[in-house]
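K.L.:
Quick one, entry-v5.cif (mmCIF, C-alpha atoms):
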```cif
data_input
#
loop_
_atom_site.label_atom_id
_atom_site.label_comp_id
_atom_site.auth_asym_id
_atom_site.auth_seq_id
_atom_site.Cartn_x
_atom_site.Cartn_y
_atom_site.Cartn_z
CA MET A 56 -39.34 -89.15 41.23
CA HIS A 57 -37.33 -86.13 42.36
CA GLU A 58 -38.62 -82.60 41.90
CA THR A 59 -36.01 -79.86 42.24
CA THR A 60 -35.58 -76.21 41.33
CA THR A 61 -33.02 -74.98 38.80
CA LEU A 62 -32.07 -71.31 38.63
CA LEU A 63 -31.38 -70.05 35.10
CA PHE A 64 -29.67 -66.67 35.24
CA ASP A 65 -30.15 -64.15 32.43
CA GLU A 66 -26.42 -63.43 32.39
CA PRO A 67 -23.34 -65.07 33.91
CA GLY A 68 -21.26 -63.25 36.47
CA PRO A 69 -20.61 -62.50 40.13
CA GLN A 70 -24.02 -60.87 40.67
CA ASN A 71 -25.41 -64.43 40.86
CA THR A 72 -23.16 -65.59 43.69
CA GLU A 73 -25.58 -65.12 46.58
CA ALA A 74 -28.45 -66.93 44.87
CA THR A 75 -26.16 -69.73 43.67
CA LEU A 76 -24.76 -70.38 47.13
CA ALA A 77 -28.22 -70.24 48.70
CA ILE A 78 -29.74 -72.91 46.45
CA ALA A 79 -26.62 -75.04 46.87
CA LEU A 80 -26.87 -74.89 50.65
CA ARG A 81 -30.58 -75.74 50.57
CA ARG A 82 -29.98 -78.79 48.36
CA ALA A 83 -26.99 -79.92 50.40
CA GLN A 84 -29.19 -79.90 53.50
CA GLU A 85 -32.05 -81.70 51.72
CA LEU A 86 -29.72 -84.46 50.50
CA SER A 87 -27.58 -84.54 53.68
CA LEU A 88 -24.45 -83.94 51.63
CA SER A 89 -21.23 -83.42 53.55
CA THR A 90 -18.94 -81.75 51.00
CA VAL A 91 -18.99 -78.65 48.83
CA VAL A 92 -16.20 -78.15 46.30
CA VAL A 93 -15.57 -74.53 45.31
CA ALA A 94 -13.60 -73.19 42.36
CA SER A 95 -11.79 -70.01 43.38
CA ASP A 96 -9.20 -67.78 41.72
CA ASN A 97 -9.07 -64.93 44.26
CA GLY A 98 -10.77 -66.27 47.38
CA LYS A 99 -14.00 -64.24 47.30
CA THR A 100 -16.30 -67.12 46.45
CA ALA A 101 -14.44 -69.39 48.85
CA ARG A 102 -14.91 -66.91 51.71
CA ALA A 103 -18.61 -66.59 50.91
CA ALA A 104 -18.96 -70.37 50.96
CA LEU A 105 -17.17 -70.62 54.31
CA ASP A 106 -19.52 -68.00 55.74
CA LEU A 107 -22.56 -70.01 54.61
CA PHE A 108 -21.65 -73.70 54.81
CA LYS A 109 -21.04 -74.79 58.37
CA SER A 110 -20.11 -78.08 60.02
CA PRO A 111 -20.76 -80.91 59.27
CA ILE A 112 -20.44 -79.68 55.66
CA LYS A 113 -16.80 -79.59 54.56
CA VAL A 114 -15.65 -76.80 52.22
CA VAL A 115 -12.98 -77.80 49.68
CA VAL A 116 -11.43 -74.93 47.73
CA VAL A 117 -9.73 -75.70 44.42
CA SER A 118 -7.53 -73.27 42.51
CA ASN A 119 -4.93 -73.27 39.76
CA PRO A 120 -1.23 -73.82 40.47
CA PRO A 121 0.52 -70.91 42.25
CA GLY A 122 1.37 -67.89 40.14
CA MET A 123 -0.86 -68.76 37.19
CA ALA A 124 -2.04 -65.65 35.34
CA LEU A 125 -4.11 -64.96 32.24
CA PRO A 126 -3.45 -62.27 29.62
CA ILE A 127 -6.14 -59.61 29.82
CA ALA A 128 -6.68 -60.07 26.08
CA LYS A 129 -8.22 -63.47 26.86
CA LEU A 130 -10.82 -62.17 29.30
CA HIS A 131 -14.46 -62.51 28.33
CA SER A 132 -15.74 -59.41 26.56
CA TYR A 133 -18.99 -60.55 24.99
CA LEU A 134 -21.12 -58.57 27.48
CA PRO A 135 -20.90 -54.81 28.20
CA ARG A 136 -20.24 -55.49 31.90
CA PHE A 137 -17.26 -57.69 31.06
CA GLN A 138 -15.99 -55.13 28.57
CA GLU A 139 -16.06 -52.46 31.30
CA TRP A 140 -14.18 -54.70 33.74
CA ARG A 141 -11.55 -55.49 31.14
CA ALA A 142 -11.21 -51.81 30.25
CA SER A 143 -10.75 -50.86 33.91
CA LEU A 144 -7.89 -53.36 34.24
CA GLU A 145 -6.25 -52.03 31.09
CA ALA A 146 -6.62 -48.46 32.41
CA GLN A 147 -4.62 -49.54 35.48
CA GLY A 148 -1.84 -50.67 33.18
CA LYS A 149 -2.34 -54.35 33.88
CA THR A 150 -1.53 -56.90 31.20
CA THR A 151 -2.48 -60.04 33.12
CA VAL A 152 -4.97 -61.05 35.78
CA SER A 153 -4.32 -63.64 38.46
CA ALA A 154 -5.92 -67.04 37.86
CA SER A 155 -4.76 -68.58 41.11
CA LEU A 156 -5.10 -68.09 44.84
CA SER A 157 -2.15 -66.31 46.37
CA GLU A 158 -0.32 -68.24 49.07
CA PRO A 159 -1.44 -65.81 51.83
CA THR A 160 -5.07 -66.19 50.71
CA ALA A 161 -4.74 -69.97 50.59
CA ALA A 162 -3.31 -69.94 54.11
CA GLU A 163 -6.12 -67.66 55.31
CA LEU A 164 -8.77 -70.01 53.90
CA THR A 165 -7.06 -73.02 55.48
CA THR A 166 -7.06 -71.27 58.85
CA ALA A 167 -10.77 -70.52 58.38
CA GLY A 168 -11.46 -74.24 58.03
CA ALA A 169 -11.31 -74.95 54.31
CA ALA A 170 -9.32 -77.70 52.63
CA VAL A 171 -7.34 -75.89 49.92
CA LEU A 172 -5.73 -77.66 46.99
CA ARG A 173 -4.32 -76.93 43.54
CA VAL A 174 -5.28 -78.59 40.27
CA ASP A 175 -2.66 -80.97 38.95
CA TRP A 176 -3.43 -80.41 35.28
CA ARG A 177 -1.18 -83.21 34.04
CA LYS A 178 -2.79 -85.78 36.32
CA LEU A 179 -6.28 -84.50 35.54
CA GLY A 180 -5.69 -84.59 31.80
CA ALA A 181 -4.44 -88.17 31.98
CA TYR A 182 -7.42 -89.22 34.12
CA THR A 183 -10.08 -87.69 31.84
CA ARG A 184 -8.09 -88.09 28.61
CA ASN A 185 -8.76 -84.36 28.18
CA ASP A 186 -12.43 -85.16 27.69
CA LEU A 187 -14.02 -82.19 29.49
CA ARG A 188 -14.52 -79.53 26.81
CA ALA A 189 -17.78 -81.07 25.61
CA LEU A 190 -19.36 -79.97 28.90
CA GLU A 191 -19.08 -76.36 27.74
CA CYS A 192 -22.07 -76.91 25.46
CA ILE A 193 -24.05 -76.87 28.72
CA GLY A 194 -21.94 -74.17 30.32
CA VAL A 195 -18.38 -73.18 31.17
CA GLY A 196 -19.35 -73.34 34.84
CA VAL A 197 -20.51 -76.93 34.44
CA ARG A 198 -17.13 -77.90 33.01
CA VAL A 199 -15.31 -76.03 35.79
CA GLY A 200 -17.49 -77.56 38.51
CA VAL A 201 -16.78 -81.08 37.28
CA THR A 202 -13.09 -80.26 36.86
CA VAL A 203 -12.58 -79.06 40.44
CA SER A 204 -14.50 -82.07 41.76
CA ILE A 205 -12.17 -84.39 39.85
CA ALA A 206 -9.14 -82.49 41.15
CA ALA A 207 -10.41 -82.94 44.71
CA VAL A 208 -10.82 -86.70 44.24
CA LEU A 209 -7.40 -87.08 42.60
CA ALA A 210 -5.87 -85.19 45.52
CA GLY A 211 -7.53 -87.57 47.98
CA THR A 212 -9.54 -84.76 49.59
CA VAL A 213 -12.91 -86.06 48.39
CA PRO A 214 -13.70 -89.79 48.28
CA GLU A 215 -14.75 -91.78 45.26
CA SER A 216 -18.43 -92.76 44.98
CA ALA A 217 -19.61 -89.68 46.86
CA ASP A 218 -22.25 -87.08 46.04
CA VAL A 219 -20.93 -83.53 46.41
CA ILE A 220 -21.98 -79.98 45.67
CA ALA A 221 -19.75 -78.24 43.10
CA LEU A 222 -19.70 -74.44 42.88
CA SER A 223 -18.11 -72.55 40.02
CA GLY A 224 -18.46 -69.52 37.78
CA THR A 225 -17.82 -68.34 34.28
CA GLY A 226 -14.10 -68.47 34.79
CA PHE A 227 -12.39 -65.34 33.57
CA GLY A 228 -15.51 -63.19 33.26
CA GLY A 229 -15.26 -61.36 36.57
CA GLY A 230 -15.31 -64.06 39.22
CA GLY A 231 -18.08 -65.14 41.54
CA ALA A 232 -20.29 -68.21 41.32
CA ASP A 233 -23.15 -68.71 38.90
CA THR A 234 -23.18 -72.51 38.60
CA ALA A 235 -24.08 -75.12 41.21
CA LEU A 236 -24.15 -78.86 40.60
CA VAL A 237 -24.70 -82.11 42.44
CA VAL A 238 -21.91 -84.39 41.20
CA ARG A 239 -21.40 -88.08 41.88
CA THR A 240 -17.72 -88.99 41.96
CA ALA A 241 -16.27 -92.32 40.88
CA SER A 242 -13.00 -94.18 40.50
CA ARG A 243 -13.22 -94.15 36.69
CA TRP A 244 -13.94 -91.00 34.68
CA ARG A 245 -16.58 -92.79 32.58
CA ASP A 246 -18.58 -93.45 35.74
CA TRP A 247 -18.80 -89.83 36.92
CA ARG A 248 -22.28 -88.27 36.82
CA VAL A 249 -23.74 -84.79 37.02
CA LEU A 250 -26.87 -85.67 38.97
CA GLU A 251 -28.41 -82.20 39.19
CA ILE A 252 -27.84 -78.73 37.81
CA LEU A 253 -29.08 -76.41 40.54
CA ALA A 254 -28.04 -73.13 38.91
CA ARG A 255 -26.35 -71.91 35.75
CA PRO A 256 -26.52 -69.04 33.29
CA ARG A 257 -29.13 -69.70 30.61
CA ILE A 258 -26.62 -68.55 27.99
CA GLY A 259 -22.98 -68.81 28.97
CA PRO A 260 -19.79 -67.26 27.61
CA PRO A 261 -17.80 -68.60 24.68
CA GLY A 262 -15.57 -71.54 25.47
CA GLU A 263 -12.35 -70.68 27.27
#
```
Turn this file's structure into C-alpha coordinates for me.
P.N.:
Amino acid sequence: MHETTTLLFDEPGPQNTEATLAIALRRAQELSLSTVVVASDNGKTARAALDLFKSPIKVVVVSNPPGMALPIAKLHSYLPRFQEWRASLEAQGKTTVSASLSEPTAAELTTAGAAVLRVDWRKLGAYTRNDLRALECIGVGVRVGVTVSIAAVLAGTVPESADVIALSGTGFGGGGADTALVVRTASRWRDWRVLEILARPRIGPPGE
(Lines of atoms letter the chains of each structure in order from A and count residues from 1; the text may use other names and numbers.)
(Lines give C-alpha, C1' and ligand atoms only; values in the text may rest on other atoms or scores of the structure.)
Protein backbone atom coordinates (compact mmCIF):
# COMPACT_ATOMS: atom_id res chain seq x y z
CA MET A 1 0.00 0.00 0.00
CA HIS A 2 1.23 3.49 -0.87
CA GLU A 3 0.16 6.53 1.12
CA THR A 4 0.76 9.88 -0.57
CA THR A 5 -0.40 13.47 -0.27
CA THR A 6 -2.43 15.23 -2.96
CA LEU A 7 -2.77 19.01 -2.97
CA LEU A 8 -6.18 20.27 -4.13
CA PHE A 9 -6.01 23.98 -4.85
CA ASP A 10 -9.09 26.17 -4.43
CA GLU A 11 -8.42 27.85 -7.76
CA PRO A 12 -6.12 27.15 -10.71
CA GLY A 13 -3.38 29.57 -11.62
CA PRO A 14 0.25 30.61 -11.20
CA GLN A 15 -0.12 31.29 -7.46
CA ASN A 16 0.13 27.51 -7.00
CA THR A 17 3.47 27.10 -8.75
CA GLU A 18 5.73 27.03 -5.70
CA ALA A 19 3.63 24.45 -3.84
CA THR A 20 3.23 22.32 -6.97
CA LEU A 21 6.96 22.20 -7.65
CA ALA A 22 7.74 21.49 -4.00
CA ILE A 23 5.49 18.42 -3.75
CA ALA A 24 6.77 17.21 -7.13
CA LEU A 25 10.38 17.44 -5.98
CA ARG A 26 9.60 15.63 -2.72
CA ARG A 27 7.89 12.77 -4.56
CA ALA A 28 10.62 12.55 -7.18
CA GLN A 29 13.16 12.11 -4.39
CA GLU A 30 11.00 9.55 -2.56
CA LEU A 31 10.58 7.46 -5.73
CA SER A 32 14.14 8.08 -7.02
CA LEU A 33 12.76 9.42 -10.29
CA SER A 34 15.25 10.85 -12.74
CA THR A 35 13.10 12.96 -15.07
CA VAL A 36 10.66 15.84 -14.75
CA VAL A 37 8.74 16.97 -17.83
CA VAL A 38 7.56 20.58 -17.75
CA ALA A 39 4.97 22.27 -19.95
CA SER A 40 6.03 25.86 -20.62
CA ASP A 41 4.75 28.63 -22.88
CA ASN A 42 6.95 31.51 -21.71
CA GLY A 43 9.76 29.89 -19.71
CA LYS A 44 8.79 30.98 -16.19
CA THR A 45 7.76 27.57 -14.94
CA ALA A 46 10.73 25.97 -16.70
CA ARG A 47 13.16 28.35 -14.98
CA ALA A 48 11.56 27.65 -11.61
CA ALA A 49 11.91 23.91 -12.22
CA LEU A 50 15.57 24.29 -13.19
CA ASP A 51 16.21 26.24 -9.99
CA LEU A 52 14.66 23.46 -7.89
CA PHE A 53 15.41 20.15 -9.63
CA LYS A 54 19.12 19.41 -9.64
CA SER A 55 21.24 16.55 -10.97
CA PRO A 56 20.66 13.63 -11.24
CA ILE A 57 17.10 14.75 -12.06
CA LYS A 58 16.80 15.75 -15.72
CA VAL A 59 14.48 18.65 -16.65
CA VAL A 60 12.68 18.29 -19.99
CA VAL A 61 10.83 21.39 -21.18
CA VAL A 62 8.05 20.97 -23.74
CA SER A 63 6.42 23.82 -25.64
CA ASN A 64 4.30 24.39 -28.72
CA PRO A 65 5.83 24.87 -32.18
CA PRO A 66 7.64 28.22 -32.68
CA GLY A 67 5.46 31.26 -33.21
CA MET A 68 2.21 29.71 -32.01
CA ALA A 69 -0.15 32.32 -30.56
CA LEU A 70 -3.67 32.30 -29.15
CA PRO A 71 -6.34 34.96 -29.71
CA ILE A 72 -6.99 36.82 -26.46
CA ALA A 73 -10.69 36.08 -26.94
CA LYS A 74 -9.93 32.43 -26.16
CA LEU A 75 -8.23 33.09 -22.83
CA HIS A 76 -9.92 31.75 -19.72
CA SER A 77 -12.22 34.33 -18.15
CA TYR A 78 -14.32 32.30 -15.74
CA LEU A 79 -12.55 33.74 -12.66
CA PRO A 80 -12.18 37.45 -11.76
CA ARG A 81 -8.37 37.12 -11.70
CA PHE A 82 -8.34 35.76 -15.25
CA GLN A 83 -10.75 38.47 -16.38
CA GLU A 84 -8.37 41.12 -15.01
CA TRP A 85 -5.38 39.57 -16.78
CA ARG A 86 -7.27 39.40 -20.05
CA ALA A 87 -8.43 43.00 -19.66
CA SER A 88 -4.87 44.19 -19.00
CA LEU A 89 -3.69 42.56 -22.24
CA GLU A 90 -6.54 44.14 -24.17
CA ALA A 91 -5.69 47.54 -22.63
CA GLN A 92 -2.18 47.16 -24.07
CA GLY A 93 -3.71 46.71 -27.50
CA LYS A 94 -2.76 43.06 -27.78
CA THR A 95 -4.94 40.71 -29.80
CA THR A 96 -2.96 37.51 -29.25
CA VAL A 97 -0.80 35.99 -26.55
CA SER A 98 2.20 33.77 -27.19
CA ALA A 99 1.62 30.05 -26.68
CA SER A 100 5.17 29.01 -27.40
CA LEU A 101 8.67 29.54 -26.09
CA SER A 102 10.62 32.11 -28.07
CA GLU A 103 13.82 30.85 -29.65
CA PRO A 104 16.02 33.00 -27.35
CA THR A 105 14.21 31.62 -24.28
CA ALA A 106 14.54 28.06 -25.57
CA ALA A 107 18.26 28.62 -26.09
CA GLU A 108 18.59 30.11 -22.61
CA LEU A 109 16.90 27.09 -21.03
CA THR A 110 19.10 24.72 -23.02
CA THR A 111 22.21 26.53 -21.81
CA ALA A 112 20.88 26.25 -18.24
CA GLY A 113 20.76 22.47 -18.60
CA ALA A 114 17.25 21.67 -19.78
CA ALA A 115 16.32 19.49 -22.73
CA VAL A 116 13.93 21.65 -24.76
CA LEU A 117 11.59 20.25 -27.40
CA ARG A 118 8.47 21.19 -29.34
CA VAL A 119 5.25 19.20 -29.60
CA ASP A 120 4.77 17.55 -32.97
CA TRP A 121 0.98 17.73 -32.95
CA ARG A 122 0.53 15.59 -36.05
CA LYS A 123 2.66 12.77 -34.66
CA LEU A 124 1.04 13.04 -31.23
CA GLY A 125 -2.47 12.96 -32.68
CA ALA A 126 -1.67 9.85 -34.70
CA TYR A 127 -0.11 8.14 -31.67
CA THR A 128 -3.06 8.80 -29.31
CA ARG A 129 -5.73 8.82 -32.03
CA ASN A 130 -6.66 12.22 -30.57
CA ASP A 131 -7.84 10.45 -27.44
CA LEU A 132 -6.73 12.96 -24.78
CA ARG A 133 -9.70 15.28 -24.27
CA ALA A 134 -11.41 12.88 -21.86
CA LEU A 135 -8.66 13.65 -19.34
CA GLU A 136 -10.08 17.16 -18.96
CA CYS A 137 -12.88 15.75 -16.82
CA ILE A 138 -10.14 15.39 -14.20
CA GLY A 139 -8.40 18.62 -15.14
CA VAL A 140 -6.92 20.55 -18.04
CA GLY A 141 -3.54 20.29 -16.32
CA VAL A 142 -3.82 16.50 -16.22
CA ARG A 143 -4.40 16.41 -19.96
CA VAL A 144 -1.49 18.81 -20.57
CA GLY A 145 0.84 16.87 -18.27
CA VAL A 146 0.15 13.62 -20.10
CA THR A 147 0.44 15.38 -23.47
CA VAL A 148 3.91 16.81 -22.82
CA SER A 149 5.09 13.46 -21.46
CA ILE A 150 3.95 11.76 -24.67
CA ALA A 151 5.68 14.45 -26.75
CA ALA A 152 8.91 13.82 -24.84
CA VAL A 153 8.74 10.08 -25.50
CA LEU A 154 7.92 10.55 -29.19
CA ALA A 155 10.89 12.90 -29.49
CA GLY A 156 13.16 10.27 -27.95
CA THR A 157 14.02 12.51 -24.98
CA VAL A 158 12.27 10.30 -22.42
CA PRO A 159 12.37 6.50 -22.63
CA GLU A 160 9.40 4.18 -22.84
CA SER A 161 8.45 2.24 -19.69
CA ALA A 162 9.72 4.97 -17.38
CA ASP A 163 8.10 6.75 -14.43
CA VAL A 164 8.39 10.52 -14.71
CA ILE A 165 7.09 13.64 -13.00
CA ALA A 166 4.89 15.80 -15.26
CA LEU A 167 4.31 19.47 -14.40
CA SER A 168 1.67 21.59 -16.09
CA GLY A 169 -0.88 24.32 -15.52
CA THR A 170 -4.26 25.49 -16.64
CA GLY A 171 -2.96 26.37 -20.05
CA PHE A 172 -4.10 29.79 -21.15
CA GLY A 173 -5.27 31.02 -17.76
CA GLY A 174 -2.19 32.98 -16.77
CA GLY A 175 0.64 30.48 -16.79
CA GLY A 176 2.42 28.80 -13.91
CA ALA A 177 2.04 25.24 -12.65
CA ASP A 178 -0.87 23.90 -10.65
CA THR A 179 -0.78 20.22 -11.64
CA ALA A 180 1.82 17.57 -10.84
CA LEU A 181 1.59 13.93 -11.86
CA VAL A 182 3.58 10.73 -11.73
CA VAL A 183 3.20 9.23 -15.20
CA ARG A 184 4.34 5.83 -16.45
CA THR A 185 5.29 5.94 -20.12
CA ALA A 186 4.88 3.07 -22.56
CA SER A 187 5.39 2.13 -26.19
CA ARG A 188 1.64 1.95 -26.86
CA TRP A 189 -0.79 4.71 -25.86
CA ARG A 190 -3.20 2.20 -24.31
CA ASP A 191 -0.49 1.16 -21.86
CA TRP A 192 0.24 4.64 -20.48
CA ARG A 193 -0.75 5.21 -16.84
CA VAL A 194 -1.21 8.18 -14.55
CA LEU A 195 0.11 6.58 -11.37
CA GLU A 196 -0.35 9.52 -9.01
CA ILE A 197 -1.92 12.96 -8.99
CA LEU A 198 0.24 14.98 -6.62
CA ALA A 199 -1.45 18.34 -7.15
CA ARG A 200 -4.29 19.83 -9.17
CA PRO A 201 -7.00 22.46 -8.86
CA ARG A 202 -10.10 21.01 -7.19
CA ILE A 203 -12.22 22.69 -9.87
CA GLY A 204 -10.48 23.45 -13.13
CA PRO A 205 -11.27 25.73 -16.06
CA PRO A 206 -13.56 24.85 -18.94
CA GLY A 207 -12.02 22.64 -21.59
CA GLU A 208 -9.68 24.40 -23.99
K.L.:
Grab the CA of Pro159 in chain A to CA of Thr100 in chain A distance for me, in Å with one decimal place.
P.N.:
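Distance reported for this atom pair: 15.9 Å.
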K.L.:
Show me a table, sorted first by chain and then by increasing residue number, of the residues of range 138-175 of chain A having an atom at most 12 Å from range 212-223 of chain A, each with its shortest atom pair and the distance in Å to one decimal, counting only C-alpha atoms and written as a Markdown table.
P.N.:
```
| residue | atom | partner | partner_atom | distance |
| --- | --- | --- | --- | --- |
| A:Ala169 | CA | A:Thr212 | CA | 11.0 |
| A:Ala170 | CA | A:Thr212 | CA | 7.7 |
| A:Val171 | CA | A:Thr212 | CA | 9.1 |
| A:Leu172 | CA | A:Thr212 | CA | 8.5 |
| A:Arg173 | CA | A:Thr212 | CA | 11.2 |
| A:Val174 | CA | A:Thr212 | CA | 12.0 |
```
K.L.:
Give me the residues near Val114 in chain A as an NGL selection string, where near means some atom within 9 Å (using only C-alpha atoms) and where sequence neighbours in that chain fewer than 2 positions away do not count.
P.N.:
:A and (89-93 or 101 or 104-105 or 108-109 or 112 or 116 or 168-171)
K.L.:
Hey, what comes out of the PyMOL selection byres ((chain A and resi 136) around 12) on this file? Could you write it as a PyMOL selection string?
P.N.:
chain A and resi 66-70+130-135+137-143+228-229
K.L.:
Please enumerate the residues selected by the PyMOL selection byres ((chain A and resi 242) around 12) when evaluated against the supplied file, formatted as a list of chain:residue names.
P.N.:
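Output from the PyMOL selection byres ((chain A and resi 242) around 12), applied to this file: A:Tyr182, A:Thr183, A:Ile205, A:Val208, A:Leu209, A:Gly211, A:Val213, A:Pro214, A:Glu215, A:Ser216, A:Ala217, A:Arg239, A:Thr240, A:Ala241, A:Arg243, A:Trp244, A:Arg245, A:Asp246, A:Trp247, A:Arg248.
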K.L.:
For CA of Met123 in chain A and CA of Leu156 in chain A, quote the distance in Å rounded to one decimal.
P.N.:
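For CA of Met123 in chain A relative to CA of Leu156 in chain A, the distance reads 8.8 Å.
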K.L.:
Quick one: pull the distance between CA of Asp65 in chain A and CA of Ala77 in chain A, Å, one decimal.
P.N.:
17.5 Å
K.L.:
Please evaluate the PyMOL selection byres ((chain A and resi 200) around 12) against the displayed coordinates and give the resulting residues as a PDB file with C-alpha atoms, in the frame of the given file.
P.N.:
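out22.pdb, written as the output of this step:
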```
ATOM      1  CA  VAL A  91     -18.990 -78.650  48.830  1.00  0.00           C
ATOM      2  CA  VAL A  92     -16.200 -78.150  46.300  1.00  0.00           C
ATOM      3  CA  VAL A  93     -15.570 -74.530  45.310  1.00  0.00           C
ATOM      4  CA  ALA A  94     -13.600 -73.190  42.360  1.00  0.00           C
ATOM      5  CA  SER A  95     -11.790 -70.010  43.380  1.00  0.00           C
ATOM      6  CA  VAL A 116     -11.430 -74.930  47.730  1.00  0.00           C
ATOM      7  CA  VAL A 117      -9.730 -75.700  44.420  1.00  0.00           C
ATOM      8  CA  SER A 118      -7.530 -73.270  42.510  1.00  0.00           C
ATOM      9  CA  LEU A 187     -14.020 -82.190  29.490  1.00  0.00           C
ATOM     10  CA  LEU A 190     -19.360 -79.970  28.900  1.00  0.00           C
ATOM     11  CA  GLU A 191     -19.080 -76.360  27.740  1.00  0.00           C
ATOM     12  CA  ILE A 193     -24.050 -76.870  28.720  1.00  0.00           C
ATOM     13  CA  GLY A 194     -21.940 -74.170  30.320  1.00  0.00           C
ATOM     14  CA  VAL A 195     -18.380 -73.180  31.170  1.00  0.00           C
ATOM     15  CA  GLY A 196     -19.350 -73.340  34.840  1.00  0.00           C
ATOM     16  CA  VAL A 197     -20.510 -76.930  34.440  1.00  0.00           C
ATOM     17  CA  ARG A 198     -17.130 -77.900  33.010  1.00  0.00           C
ATOM     18  CA  VAL A 199     -15.310 -76.030  35.790  1.00  0.00           C
ATOM     19  CA  VAL A 201     -16.780 -81.080  37.280  1.00  0.00           C
ATOM     20  CA  THR A 202     -13.090 -80.260  36.860  1.00  0.00           C
ATOM     21  CA  VAL A 203     -12.580 -79.060  40.440  1.00  0.00           C
ATOM     22  CA  SER A 204     -14.500 -82.070  41.760  1.00  0.00           C
ATOM     23  CA  ILE A 205     -12.170 -84.390  39.850  1.00  0.00           C
ATOM     24  CA  ALA A 206      -9.140 -82.490  41.150  1.00  0.00           C
ATOM     25  CA  ALA A 207     -10.410 -82.940  44.710  1.00  0.00           C
ATOM     26  CA  VAL A 219     -20.930 -83.530  46.410  1.00  0.00           C
ATOM     27  CA  ILE A 220     -21.980 -79.980  45.670  1.00  0.00           C
ATOM     28  CA  ALA A 221     -19.750 -78.240  43.100  1.00  0.00           C
ATOM     29  CA  LEU A 222     -19.700 -74.440  42.880  1.00  0.00           C
ATOM     30  CA  SER A 223     -18.110 -72.550  40.020  1.00  0.00           C
ATOM     31  CA  GLY A 224     -18.460 -69.520  37.780  1.00  0.00           C
ATOM     32  CA  THR A 225     -17.820 -68.340  34.280  1.00  0.00           C
ATOM     33  CA  GLY A 226     -14.100 -68.470  34.790  1.00  0.00           C
ATOM     34  CA  ALA A 232     -20.290 -68.210  41.320  1.00  0.00           C
ATOM     35  CA  ASP A 233     -23.150 -68.710  38.900  1.00  0.00           C
ATOM     36  CA  THR A 234     -23.180 -72.510  38.600  1.00  0.00           C
ATOM     37  CA  ALA A 235     -24.080 -75.120  41.210  1.00  0.00           C
ATOM     38  CA  LEU A 236     -24.150 -78.860  40.600  1.00  0.00           C
ATOM     39  CA  VAL A 237     -24.700 -82.110  42.440  1.00  0.00           C
ATOM     40  CA  VAL A 238     -21.910 -84.390  41.200  1.00  0.00           C
ATOM     41  CA  ARG A 239     -21.400 -88.080  41.880  1.00  0.00           C
ATOM     42  CA  THR A 240     -17.720 -88.990  41.960  1.00  0.00           C
ATOM     43  CA  ARG A 248     -22.280 -88.270  36.820  1.00  0.00           C
ATOM     44  CA  VAL A 249     -23.740 -84.790  37.020  1.00  0.00           C
ATOM     45  CA  GLU A 251     -28.410 -82.200  39.190  1.00  0.00           C
ATOM     46  CA  ILE A 252     -27.840 -78.730  37.810  1.00  0.00           C
ATOM     47  CA  LEU A 253     -29.080 -76.410  40.540  1.00  0.00           C
ATOM     48  CA  ALA A 254     -28.040 -73.130  38.910  1.00  0.00           C
ATOM     49  CA  ARG A 255     -26.350 -71.910  35.750  1.00  0.00           C
TER      50      ARG A 255
END
```
K.L.:
Put a box with edges along x, y and z around all the listed atoms of range 180-188 of chain A, pad it by 6 Å on each side, then give me its centre and sizes in Å, one decimal, as JSON.
P.N.:
```
{"center_x": -9.5, "center_y": -84.4, "center_z": 30.5, "size_x": 22.1, "size_y": 21.7, "size_z": 19.3}
```
